[in-house]
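Here's my_file-v3.cif, which has mmCIF, C-alpha atoms:
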```
data_query
#
loop_
_atom_site.label_atom_id
_atom_site.label_comp_id
_atom_site.auth_asym_id
_atom_site.auth_seq_id
_atom_site.Cartn_x
_atom_site.Cartn_y
_atom_site.Cartn_z
CA MET N 1116 -104.77 -193.37 239.71
CA LEU N 1117 -107.43 -190.90 238.60
CA ALA N 1118 -107.92 -190.78 234.83
CA ALA N 1119 -110.39 -189.49 232.23
CA LEU N 1120 -112.06 -192.09 230.00
CA LEU N 1121 -114.16 -191.34 226.93
CA TYR N 1122 -117.17 -193.61 226.50
CA GLY N 1123 -119.04 -191.89 223.68
CA ARG N 1124 -120.36 -188.61 222.41
CA GLU N 1125 -119.80 -186.01 225.16
CA ASP N 1126 -119.54 -188.89 227.63
CA LEU N 1127 -116.35 -188.25 229.57
CA ARG N 1128 -115.89 -189.90 232.97
CA LEU N 1129 -113.26 -189.58 235.68
CA GLU N 1130 -112.49 -193.01 237.11
CA THR N 1131 -109.94 -194.66 239.35
CA VAL N 1132 -107.90 -197.12 237.29
CA ALA N 1133 -104.77 -199.15 237.95
CA ASP N 1134 -101.46 -197.30 237.78
CA PRO N 1135 -99.64 -198.19 234.55
CA THR N 1136 -96.65 -200.53 234.67
CA PRO N 1137 -94.01 -200.27 231.93
CA GLU N 1138 -93.41 -203.27 229.69
CA VAL N 1139 -90.18 -203.87 227.78
CA GLY N 1140 -89.00 -200.65 226.15
CA GLU N 1141 -91.67 -198.50 227.77
CA VAL N 1142 -91.59 -195.74 230.36
CA VAL N 1143 -94.18 -194.32 232.71
CA ILE N 1144 -94.32 -190.60 233.48
CA LYS N 1145 -96.06 -188.57 236.13
CA VAL N 1146 -98.02 -186.04 234.11
CA GLY N 1147 -96.97 -182.49 234.95
CA ALA N 1148 -99.33 -180.80 232.52
CA ALA N 1149 -101.74 -182.06 229.87
CA THR N 1150 -103.04 -179.48 227.43
CA THR N 1151 -106.42 -179.65 225.75
CA CYS N 1152 -106.65 -179.57 221.98
CA GLY N 1153 -109.18 -178.87 219.26
CA THR N 1154 -108.83 -182.51 218.20
CA ASP N 1155 -109.79 -183.57 221.73
CA LEU N 1156 -112.84 -181.33 221.48
CA LYS N 1157 -113.86 -182.84 218.14
CA VAL N 1158 -113.36 -186.37 219.44
CA TRP N 1159 -115.38 -185.58 222.58
CA ARG N 1160 -118.21 -184.04 220.55
CA ARG N 1161 -118.24 -186.75 217.87
CA GLY N 1162 -117.66 -189.64 220.24
CA GLY N 1163 -114.63 -191.13 218.50
CA HIS N 1164 -111.74 -190.82 216.07
CA ALA N 1165 -111.26 -192.96 212.98
CA LYS N 1166 -107.53 -193.48 213.54
CA MET N 1167 -106.43 -192.68 217.07
CA LEU N 1168 -108.68 -194.57 219.47
CA THR N 1169 -111.33 -197.21 220.14
CA LEU N 1170 -113.95 -196.59 222.82
CA PRO N 1171 -114.01 -196.72 225.75
CA THR N 1172 -110.52 -195.34 226.10
CA LEU N 1173 -108.17 -193.25 228.17
CA PHE N 1174 -108.38 -189.75 226.79
CA GLY N 1175 -106.05 -186.86 225.87
CA HIS N 1176 -102.90 -186.76 223.77
CA GLU N 1177 -100.75 -183.73 224.74
CA ALA N 1178 -98.64 -183.99 227.89
CA ALA N 1179 -95.28 -183.37 229.50
CA GLY N 1180 -93.98 -184.81 232.74
CA GLU N 1181 -91.31 -186.68 234.65
CA ILE N 1182 -90.23 -190.30 234.27
CA VAL N 1183 -91.17 -192.39 237.31
CA ALA N 1184 -90.57 -195.92 235.97
CA LEU N 1185 -88.51 -197.58 233.23
CA GLY N 1186 -89.23 -200.85 231.48
CA ALA N 1187 -86.55 -203.41 230.75
CA GLY N 1188 -84.19 -202.45 227.95
CA VAL N 1189 -84.75 -198.69 228.10
CA GLU N 1190 -81.40 -196.95 227.75
CA GLY N 1191 -80.40 -193.31 227.83
CA TRP N 1192 -83.14 -192.27 230.24
CA LYS N 1193 -83.47 -192.26 234.02
CA VAL N 1194 -86.13 -191.75 236.65
CA GLY N 1195 -86.55 -188.01 237.21
CA ASP N 1196 -85.92 -186.96 233.60
CA ARG N 1197 -88.43 -184.41 232.32
CA ILE N 1198 -89.79 -185.50 228.94
CA VAL N 1199 -92.38 -184.78 226.32
CA ALA N 1200 -93.63 -187.61 224.12
CA ASN N 1201 -95.49 -187.28 220.84
CA ASN N 1202 -98.80 -189.15 220.70
CA SER N 1203 -97.55 -191.39 217.90
CA ALA N 1204 -94.54 -192.98 216.27
CA PRO N 1205 -94.14 -194.47 212.78
CA CYS N 1206 -93.03 -198.06 212.25
CA MET N 1207 -89.95 -196.95 210.22
CA ASN N 1208 -90.20 -200.04 208.00
CA CYS N 1209 -93.25 -199.78 205.74
CA PHE N 1210 -93.63 -198.47 202.17
CA PHE N 1211 -94.34 -194.93 203.38
CA CYS N 1212 -91.68 -194.83 206.09
CA GLN N 1213 -89.06 -195.93 203.59
CA ARG N 1214 -90.03 -192.82 201.61
CA GLN N 1215 -89.93 -190.67 204.75
CA GLU N 1216 -93.69 -190.07 204.49
CA TYR N 1217 -94.05 -190.91 208.15
CA SER N 1218 -97.47 -189.34 208.72
CA LEU N 1219 -98.92 -191.81 206.19
CA CYS N 1220 -97.55 -194.87 208.00
CA PRO N 1221 -100.42 -197.38 208.29
CA HIS N 1222 -98.79 -198.87 211.39
CA LEU N 1223 -98.50 -195.71 213.50
CA THR N 1224 -98.32 -196.48 217.20
CA TRP N 1225 -100.86 -194.17 218.86
CA ASN N 1226 -100.98 -193.19 222.51
CA ASN N 1227 -103.82 -191.61 224.47
CA GLY N 1228 -104.43 -191.06 228.15
CA THR N 1229 -102.74 -187.78 229.06
CA PHE N 1230 -105.65 -186.65 231.26
CA ALA N 1231 -104.47 -188.84 234.12
CA GLU N 1232 -102.01 -188.87 236.98
CA TYR N 1233 -99.64 -191.17 235.08
CA LEU N 1234 -99.09 -191.97 231.42
CA LYS N 1235 -97.40 -195.00 229.87
CA ILE N 1236 -95.30 -194.27 226.78
CA PRO N 1237 -95.17 -197.15 224.25
CA ALA N 1238 -91.78 -198.49 223.22
CA ALA N 1239 -91.98 -197.18 219.63
CA ILE N 1240 -92.62 -193.65 220.88
CA VAL N 1241 -89.81 -193.96 223.45
CA ARG N 1242 -87.46 -194.90 220.60
CA HIS N 1243 -88.53 -192.35 218.02
CA ASN N 1244 -90.60 -189.53 219.50
CA MET N 1245 -89.78 -188.98 223.19
CA LEU N 1246 -87.58 -185.97 223.90
CA PRO N 1247 -85.98 -184.31 226.95
CA ILE N 1248 -87.59 -181.03 227.94
CA PRO N 1249 -85.06 -178.17 227.89
CA ASP N 1250 -84.40 -176.38 231.16
CA ARG N 1251 -86.67 -173.45 231.96
CA LEU N 1252 -89.40 -174.63 229.55
CA PRO N 1253 -92.57 -175.13 231.61
CA ASP N 1254 -94.47 -178.40 231.24
CA ALA N 1255 -97.57 -176.58 229.96
CA LEU N 1256 -95.62 -175.16 227.01
CA ALA N 1257 -93.67 -178.38 226.38
CA ALA N 1258 -96.99 -180.24 226.19
CA MET N 1259 -97.83 -178.18 223.09
CA THR N 1260 -95.08 -179.91 221.11
CA GLU N 1261 -97.48 -182.28 219.32
CA PRO N 1262 -99.89 -179.68 217.85
CA LEU N 1263 -97.03 -177.35 216.95
CA ALA N 1264 -95.30 -180.24 215.16
CA CYS N 1265 -98.48 -180.73 213.12
CA VAL N 1266 -98.48 -177.03 212.23
CA LEU N 1267 -94.81 -177.11 211.19
CA HIS N 1268 -95.59 -180.11 208.99
CA GLY N 1269 -98.47 -178.13 207.49
CA VAL N 1270 -96.31 -175.07 206.84
CA ALA N 1271 -93.65 -177.20 205.18
CA ARG N 1272 -96.26 -178.69 202.82
CA SER N 1273 -97.71 -175.30 201.85
CA GLY N 1274 -94.95 -173.83 199.68
CA ILE N 1275 -94.52 -170.71 201.82
CA GLN N 1276 -92.12 -168.14 200.39
CA PRO N 1277 -90.87 -164.92 202.02
CA ASP N 1278 -93.59 -162.29 201.61
CA SER N 1279 -96.24 -164.87 200.75
CA ARG N 1280 -99.72 -163.55 201.40
CA VAL N 1281 -101.51 -166.18 203.46
CA ALA N 1282 -105.14 -166.38 204.53
CA VAL N 1283 -105.66 -168.45 207.68
CA ILE N 1284 -109.28 -169.44 208.26
CA GLY N 1285 -109.93 -170.48 211.86
CA ASP N 1286 -108.95 -168.85 215.14
CA GLY N 1287 -108.60 -171.95 217.27
CA ALA N 1288 -105.27 -173.01 218.73
CA ILE N 1289 -104.13 -174.50 215.42
CA GLY N 1290 -105.06 -171.44 213.38
CA LEU N 1291 -103.28 -169.19 215.88
CA MET N 1292 -100.22 -171.46 215.83
CA PHE N 1293 -100.15 -171.13 212.05
CA VAL N 1294 -100.18 -167.34 212.45
CA GLY N 1295 -97.23 -167.38 214.84
CA VAL N 1296 -95.11 -169.66 212.67
CA LEU N 1297 -96.00 -167.97 209.37
CA VAL N 1298 -95.23 -164.49 210.69
CA GLN N 1299 -91.85 -165.77 211.85
CA ARG N 1300 -91.32 -167.02 208.28
CA VAL N 1301 -91.95 -163.43 207.07
CA ALA N 1302 -95.33 -164.14 205.52
CA GLU N 1303 -98.11 -161.55 205.46
CA VAL N 1304 -100.95 -163.25 207.31
CA PHE N 1305 -104.66 -162.45 207.24
CA LEU N 1306 -106.57 -164.24 210.00
CA PHE N 1307 -110.30 -164.94 209.83
CA GLY N 1308 -112.18 -166.20 212.88
CA GLY N 1309 -115.31 -165.87 214.92
CA SER N 1310 -114.02 -164.57 218.27
CA ASP N 1311 -112.80 -161.01 218.79
CA ARG N 1312 -110.79 -162.13 221.82
CA ARG N 1313 -108.99 -164.81 219.81
CA LEU N 1314 -108.43 -162.40 216.93
CA GLN N 1315 -106.73 -160.04 219.39
CA ILE N 1316 -104.30 -162.86 220.16
CA GLY N 1317 -103.77 -163.20 216.41
CA ASP N 1318 -102.84 -159.50 216.37
CA LYS N 1319 -100.33 -160.08 219.17
CA LEU N 1320 -98.82 -162.99 217.22
CA GLY N 1321 -98.22 -160.67 214.29
CA ALA N 1322 -101.14 -161.09 211.90
CA ALA N 1323 -101.20 -158.23 209.38
CA ARG N 1324 -105.01 -158.02 209.56
CA THR N 1325 -107.68 -159.91 211.47
CA PHE N 1326 -111.36 -160.22 210.59
CA ASN N 1327 -114.43 -161.56 212.36
CA HIS N 1328 -116.16 -163.67 209.72
CA ARG N 1329 -119.52 -162.94 211.36
CA GLN N 1330 -119.16 -159.38 210.09
CA ILE N 1331 -118.20 -160.38 206.54
CA ALA N 1332 -120.76 -161.17 203.85
CA ASP N 1333 -118.28 -162.66 201.36
CA LEU N 1334 -114.92 -163.84 202.74
CA PRO N 1335 -113.27 -164.61 199.35
CA THR N 1336 -114.07 -161.09 198.17
CA VAL N 1337 -112.34 -159.62 201.22
CA VAL N 1338 -109.26 -161.77 200.56
CA LYS N 1339 -109.15 -160.55 196.96
CA GLU N 1340 -109.43 -156.93 198.12
CA LEU N 1341 -106.40 -157.52 200.36
CA THR N 1342 -104.35 -159.04 197.53
CA ASP N 1343 -104.71 -156.71 194.53
CA GLY N 1344 -107.77 -158.54 193.31
CA TRP N 1345 -106.06 -161.93 192.92
CA GLY N 1346 -106.53 -163.96 196.10
CA ALA N 1347 -104.06 -165.37 198.61
CA ASP N 1348 -100.87 -167.16 197.58
CA VAL N 1349 -101.59 -169.78 200.26
CA VAL N 1350 -104.79 -170.52 202.16
CA ILE N 1351 -104.78 -172.49 205.42
CA GLU N 1352 -108.12 -174.03 206.40
CA ALA N 1353 -108.08 -174.72 210.15
CA THR N 1354 -111.70 -175.38 211.11
CA GLY N 1355 -112.53 -178.87 209.84
CA VAL N 1356 -115.90 -177.73 208.43
CA PRO N 1357 -116.64 -178.93 204.85
CA SER N 1358 -118.31 -175.67 203.80
CA VAL N 1359 -115.25 -173.76 205.00
CA TRP N 1360 -113.05 -176.03 202.88
CA GLU N 1361 -115.01 -174.75 199.88
CA THR N 1362 -114.60 -171.15 201.06
CA ALA N 1363 -110.85 -171.71 201.45
CA ILE N 1364 -110.56 -172.92 197.86
CA ALA N 1365 -112.39 -169.80 196.67
CA CYS N 1366 -109.87 -167.56 198.51
CA GLY N 1367 -106.82 -168.63 196.53
CA ARG N 1368 -105.30 -166.82 193.57
CA PRO N 1369 -104.50 -168.65 190.32
CA GLY N 1370 -101.59 -170.93 191.16
CA ALA N 1371 -102.40 -170.91 194.88
CA THR N 1372 -101.86 -173.74 197.34
CA ILE N 1373 -104.89 -174.52 199.49
CA ASN N 1374 -103.93 -176.41 202.65
CA LEU N 1375 -107.03 -178.29 203.82
CA PHE N 1376 -105.63 -178.85 207.29
CA GLY N 1377 -108.72 -179.09 209.49
CA GLY N 1378 -110.01 -182.66 209.68
CA CYS N 1379 -113.72 -182.91 208.75
CA PRO N 1380 -116.21 -185.47 210.08
CA ARG N 1381 -115.81 -188.90 208.52
CA ASP N 1382 -117.37 -189.47 205.07
CA THR N 1383 -118.21 -185.81 204.46
CA THR N 1384 -117.70 -184.36 200.98
CA ILE N 1385 -117.17 -181.01 199.28
CA THR N 1386 -117.88 -179.60 195.82
CA VAL N 1387 -115.02 -178.20 193.73
CA ASN N 1388 -115.37 -176.06 190.60
CA THR N 1389 -113.44 -178.14 188.08
CA ASP N 1390 -112.86 -175.24 185.66
CA ARG N 1391 -111.25 -173.16 188.38
CA LEU N 1392 -109.22 -176.07 189.71
CA HIS N 1393 -107.89 -176.85 186.24
CA TYR N 1394 -107.47 -173.48 184.56
CA SER N 1395 -106.24 -171.69 187.67
CA GLU N 1396 -103.78 -174.51 188.40
CA LEU N 1397 -104.78 -174.74 192.04
CA THR N 1398 -103.00 -177.15 194.36
CA LEU N 1399 -105.28 -178.69 196.97
CA LYS N 1400 -103.44 -180.42 199.81
CA GLY N 1401 -104.71 -182.47 202.67
CA VAL N 1402 -102.10 -182.44 205.44
CA PHE N 1403 -102.32 -184.83 208.37
CA HIS N 1404 -100.49 -185.14 211.67
CA ASN N 1405 -96.69 -184.78 212.01
CA THR N 1406 -93.36 -186.57 211.64
CA PRO N 1407 -90.36 -187.07 213.97
CA LYS N 1408 -88.53 -184.22 212.24
CA TYR N 1409 -91.24 -181.72 213.08
CA VAL N 1410 -91.66 -183.02 216.64
CA ARG N 1411 -88.04 -182.06 217.25
CA GLU N 1412 -88.38 -178.72 215.47
CA ALA N 1413 -91.51 -177.92 217.48
CA LEU N 1414 -89.86 -178.53 220.84
CA SER N 1415 -86.88 -176.42 219.77
CA LEU N 1416 -89.17 -173.58 218.70
CA LEU N 1417 -91.09 -173.73 221.99
CA ALA N 1418 -87.83 -173.68 223.94
CA SER N 1419 -86.55 -170.66 222.00
CA ARG N 1420 -89.40 -168.55 223.48
CA THR N 1421 -89.31 -166.41 220.31
CA ILE N 1422 -93.10 -166.67 219.93
CA PRO N 1423 -95.39 -166.04 222.95
CA TRP N 1424 -97.19 -169.38 222.85
CA GLU N 1425 -98.37 -168.84 226.43
CA LEU N 1426 -101.03 -166.57 224.92
CA LEU N 1427 -102.85 -169.73 223.81
CA ILE N 1428 -103.18 -171.15 227.34
CA SER N 1429 -106.38 -169.64 228.68
CA GLU N 1430 -106.36 -171.34 232.07
CA HIS N 1431 -104.69 -173.87 234.36
CA ARG N 1432 -107.25 -176.25 235.88
CA PRO N 1433 -107.21 -179.49 237.93
CA LEU N 1434 -108.28 -182.80 236.42
CA LYS N 1435 -111.55 -182.77 238.37
CA ASP N 1436 -112.66 -179.78 236.26
CA LEU N 1437 -112.09 -181.53 232.92
CA GLU N 1438 -115.78 -181.94 232.01
CA GLN N 1439 -116.37 -178.23 232.59
CA VAL N 1440 -113.26 -177.42 230.58
CA PHE N 1441 -114.71 -179.23 227.56
CA GLN N 1442 -118.01 -177.44 228.00
CA ASP N 1443 -116.07 -174.17 228.04
CA MET N 1444 -114.17 -175.21 224.91
CA LYS N 1445 -117.46 -176.07 223.20
CA ALA N 1446 -118.73 -172.59 224.06
CA ARG N 1447 -115.43 -171.11 222.80
CA LYS N 1448 -114.72 -169.53 226.19
CA VAL N 1449 -111.16 -170.93 226.28
CA ILE N 1450 -108.51 -171.86 223.71
CA LYS N 1451 -106.16 -174.33 225.38
CA VAL N 1452 -106.33 -175.32 229.05
CA ALA N 1453 -103.41 -176.84 230.94
CA ILE N 1454 -104.68 -179.66 233.13
CA GLY N 1455 -102.57 -180.46 236.19
CA GLY N 1456 -103.00 -181.19 239.85
CA TRP N 1457 -104.66 -184.44 240.72
CA ALA N 1458 -106.29 -183.90 244.11
#
```

Kindly present the structure from the file in structure tokens form.
Amino acid sequence: MLAALLYGREDLRLETVADPTPEVGEVVIKVGAATTCGTDLKVWRRGGHAKMLTLPTLFGHEAAGEIVALGAGVEGWKVGDRIVANNSAPCMNCFFCQRQEYSLCPHLTWNNGTFAEYLKIPAAIVRHNMLPIPDRLPDALAAMTEPLACVLHGVARSGIQPDSRVAVIGDGAIGLMFVGVLVQRVAEVFLFGGSDRRLQIGDKLGAARTFNHRQIADLPTVVKELTDGWGADVVIEATGVPSVWETAIACGRPGATINLFGGCPRDTTITVNTDRLHYSELTLKGVFHNTPKYVREALSLLASRTIPWELLISEHRPLKDLEQVFQDMKARKVIKVAIGGWA
């Protein structure tokens, strides 16, 4: 089969590799659509990921498709079933899993390789995080289950209340997903980004106000002006840039929750004003990945079609165009691209 392999920093190669064969408990799917992700872009640009993969490796982690082979012992599924599988599954047995803190499981089973004709799903994911795709939900939208599950996890950890005033910093796919979900939760959302075209999508998803940060001298001051001089109740950082983490902290009111959602490069640091952290009783939260609960909620939300998630899919392209797709993502010409078609 044809598959994309990552060898290093911006070193992505299409190669012919052996078709996968399912072991006990595993399934193999024919990929119908694999969507690109901001995490994929970061991994491609940085040449690795501390948790998810070891180079060289099959690449990509969002996909939906149809089962073409079943390993021994797989029950409840058949060839021809349309499925979406999360890119991980917790062990269900460790210290953290026993406390239902599944995203912290040190034994997460990871899966990569969605940018390929076929994808093998590990047994743990088949058991805990593989779901049937509802009728009439296109593969390209179903493939967005994983990032949306991460966003739902992030929203749940942020203490959102009806009428919360939320500043979302970052207009990538994740930032825009936060806007869609938060507006549905009746929050007042202010979106800050660097692309007028993406900010227009934020408007369509229901953001109360959108701002191009390139035209703002002092972002925290703008947030305070929007919130009676106090700052946002909740701030979502969705860029993964350390300096923006510091800006996010400065945007919160006393008592605010600051969700530091965007993953920064490994071993980077930030500076925090200890007086403000202490006397303003700020809550700083790092939120990582998702859990089986939110995987299921994400697929249900996608299937409901109550939010126009198709706005985030800029293009549909064949696998042979993948290198150009990542160049376009780097240049911020596209948001998410659905990869499909293997000729």

Closest pair table for region 1207-1294 of chain N residues within 6 Å of region 1129-1152 of chain N, all atoms listed in the file, as CSV:
```
residue,atom,partner,partner_atom,distance
N:Thr1229,CA,N:Ala1149,CA,5.9
N:Glu1232,CA,N:Val1146,CA,5.7
N:Tyr1233,CA,N:Lys1145,CA,4.5
N:Leu1234,CA,N:Ile1144,CA,5.4
N:Lys1235,CA,N:Val1143,CA,4.3
N:Ile1236,CA,N:Val1142,CA,5.4
N:Pro1237,CA,N:Glu1141,CA,5.1
N:Ala1238,CA,N:Glu1141,CA,4.6
N:Asp1254,CA,N:Ala1148,CA,5.6
N:Ala1255,CA,N:Ala1148,CA,5.2
```

Go ahead and save the residues from that selection, with C-alpha atoms, as a tab-separated table (two decimals), in the frame of the given file.
```
chain	number	residue	atom	x	y	z
N	1229	THR	CA	-102.74	-187.78	229.06
N	1232	GLU	CA	-102.01	-188.87	236.98
N	1233	TYR	CA	-99.64	-191.17	235.08
N	1234	LEU	CA	-99.09	-191.97	231.42
N	1235	LYS	CA	-97.40	-195.00	229.87
N	1236	ILE	CA	-95.30	-194.27	226.78
N	1237	PRO	CA	-95.17	-197.15	224.25
N	1238	ALA	CA	-91.78	-198.49	223.22
N	1254	ASP	CA	-94.47	-178.40	231.24
N	1255	ALA	CA	-97.57	-176.58	229.96
```

Shell around region 1369-1382 of chain N at 7 Å using only C-alpha atoms, local window under 4 positions removed, as a PDB file with C-alpha atoms, keeping the file's coordinate frame:
```pdb
ATOM      1  CA  SER N1273     -97.710-175.300 201.850  1.00  0.00           C
ATOM      2  CA  ALA N1347    -104.060-165.370 198.610  1.00  0.00           C
ATOM      3  CA  ASP N1348    -100.870-167.160 197.580  1.00  0.00           C
ATOM      4  CA  VAL N1349    -101.590-169.780 200.260  1.00  0.00           C
ATOM      5  CA  VAL N1350    -104.790-170.520 202.160  1.00  0.00           C
ATOM      6  CA  ILE N1351    -104.780-172.490 205.420  1.00  0.00           C
ATOM      7  CA  GLU N1352    -108.120-174.030 206.400  1.00  0.00           C
ATOM      8  CA  ALA N1353    -108.080-174.720 210.150  1.00  0.00           C
ATOM      9  CA  THR N1354    -111.700-175.380 211.110  1.00  0.00           C
ATOM     10  CA  GLY N1355    -112.530-178.870 209.840  1.00  0.00           C
ATOM     11  CA  VAL N1356    -115.900-177.730 208.430  1.00  0.00           C
ATOM     12  CA  PRO N1357    -116.640-178.930 204.850  1.00  0.00           C
ATOM     13  CA  TRP N1360    -113.050-176.030 202.880  1.00  0.00           C
ATOM     14  CA  ALA N1363    -110.850-171.710 201.450  1.00  0.00           C
ATOM     15  CA  ILE N1364    -110.560-172.920 197.860  1.00  0.00           C
ATOM     16  CA  SER N1395    -106.240-171.690 187.670  1.00  0.00           C
ATOM     17  CA  GLU N1396    -103.780-174.510 188.400  1.00  0.00           C
ATOM     18  CA  LEU N1397    -104.780-174.740 192.040  1.00  0.00           C
ATOM     19  CA  THR N1398    -103.000-177.150 194.360  1.00  0.00           C
ATOM     20  CA  LEU N1399    -105.280-178.690 196.970  1.00  0.00           C
ATOM     21  CA  LYS N1400    -103.440-180.420 199.810  1.00  0.00           C
ATOM     22  CA  GLY N1401    -104.710-182.470 202.670  1.00  0.00           C
ATOM     23  CA  VAL N1402    -102.100-182.440 205.440  1.00  0.00           C
ATOM     24  CA  PHE N1403    -102.320-184.830 208.370  1.00  0.00           C
TER      25      PHE N1403
END
```

Hey, could you make a per-residue contact list for region 1295-1333 of chain N against region 1278-1286 of chain N with 8 Å as the cut-off, showing the nearest pair of atoms and its distance in Å to one decimal, counting only C-alpha atoms, sorted by chain and number, as JSON lines?
```
{"residue": "N:Val1301", "atom": "CA", "partner": "N:Asp1278", "partner_atom": "CA", "distance": 5.8}
{"residue": "N:Ala1302", "atom": "CA", "partner": "N:Asp1278", "partner_atom": "CA", "distance": 4.7}
{"residue": "N:Glu1303", "atom": "CA", "partner": "N:Arg1280", "partner_atom": "CA", "distance": 4.8}
{"residue": "N:Val1304", "atom": "CA", "partner": "N:Val1281", "partner_atom": "CA", "distance": 4.9}
{"residue": "N:Phe1305", "atom": "CA", "partner": "N:Ala1282", "partner_atom": "CA", "distance": 4.8}
{"residue": "N:Leu1306", "atom": "CA", "partner": "N:Val1283", "partner_atom": "CA", "distance": 4.9}
{"residue": "N:Phe1307", "atom": "CA", "partner": "N:Ile1284", "partner_atom": "CA", "distance": 4.9}
{"residue": "N:Gly1308", "atom": "CA", "partner": "N:Asp1286", "partner_atom": "CA", "distance": 4.8}
{"residue": "N:Gly1309", "atom": "CA", "partner": "N:Asp1286", "partner_atom": "CA", "distance": 7.0}
{"residue": "N:Ser1310", "atom": "CA", "partner": "N:Asp1286", "partner_atom": "CA", "distance": 7.3}
{"residue": "N:Arg1313", "atom": "CA", "partner": "N:Asp1286", "partner_atom": "CA", "distance": 6.2}
{"residue": "N:Leu1314", "atom": "CA", "partner": "N:Asp1286", "partner_atom": "CA", "distance": 6.7}
{"residue": "N:Gly1317", "atom": "CA", "partner": "N:Asp1286", "partner_atom": "CA", "distance": 7.8}
```

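The coordinates place CA of Trp1159 (chain N) at 21.8 Å from CA of Thr1384 (chain N).
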
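For the pair CA of Lys1435 (chain N) and CA of His1164 (chain N), the separation is 23.7 Å.
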
Legend entry - the PyMOL selection byres ((chain N and resi 1424) around 12) applied to the shown file, residues as a PyMOL selection string: chain N and resi 1252-1253+1255-1260+1262-1263+1288-1289+1291-1296+1316-1317+1319-1320+1413-1414+1416-1423+1425-1429+1450-1451

Inset, instruction - Counting all atoms listed in the file, figure out which residue out of N:Asn1327, N:Glu1430, N:Arg1312, N:Arg1368 gets nearest to Thr1342 (chain N). - result: N:Arg1368
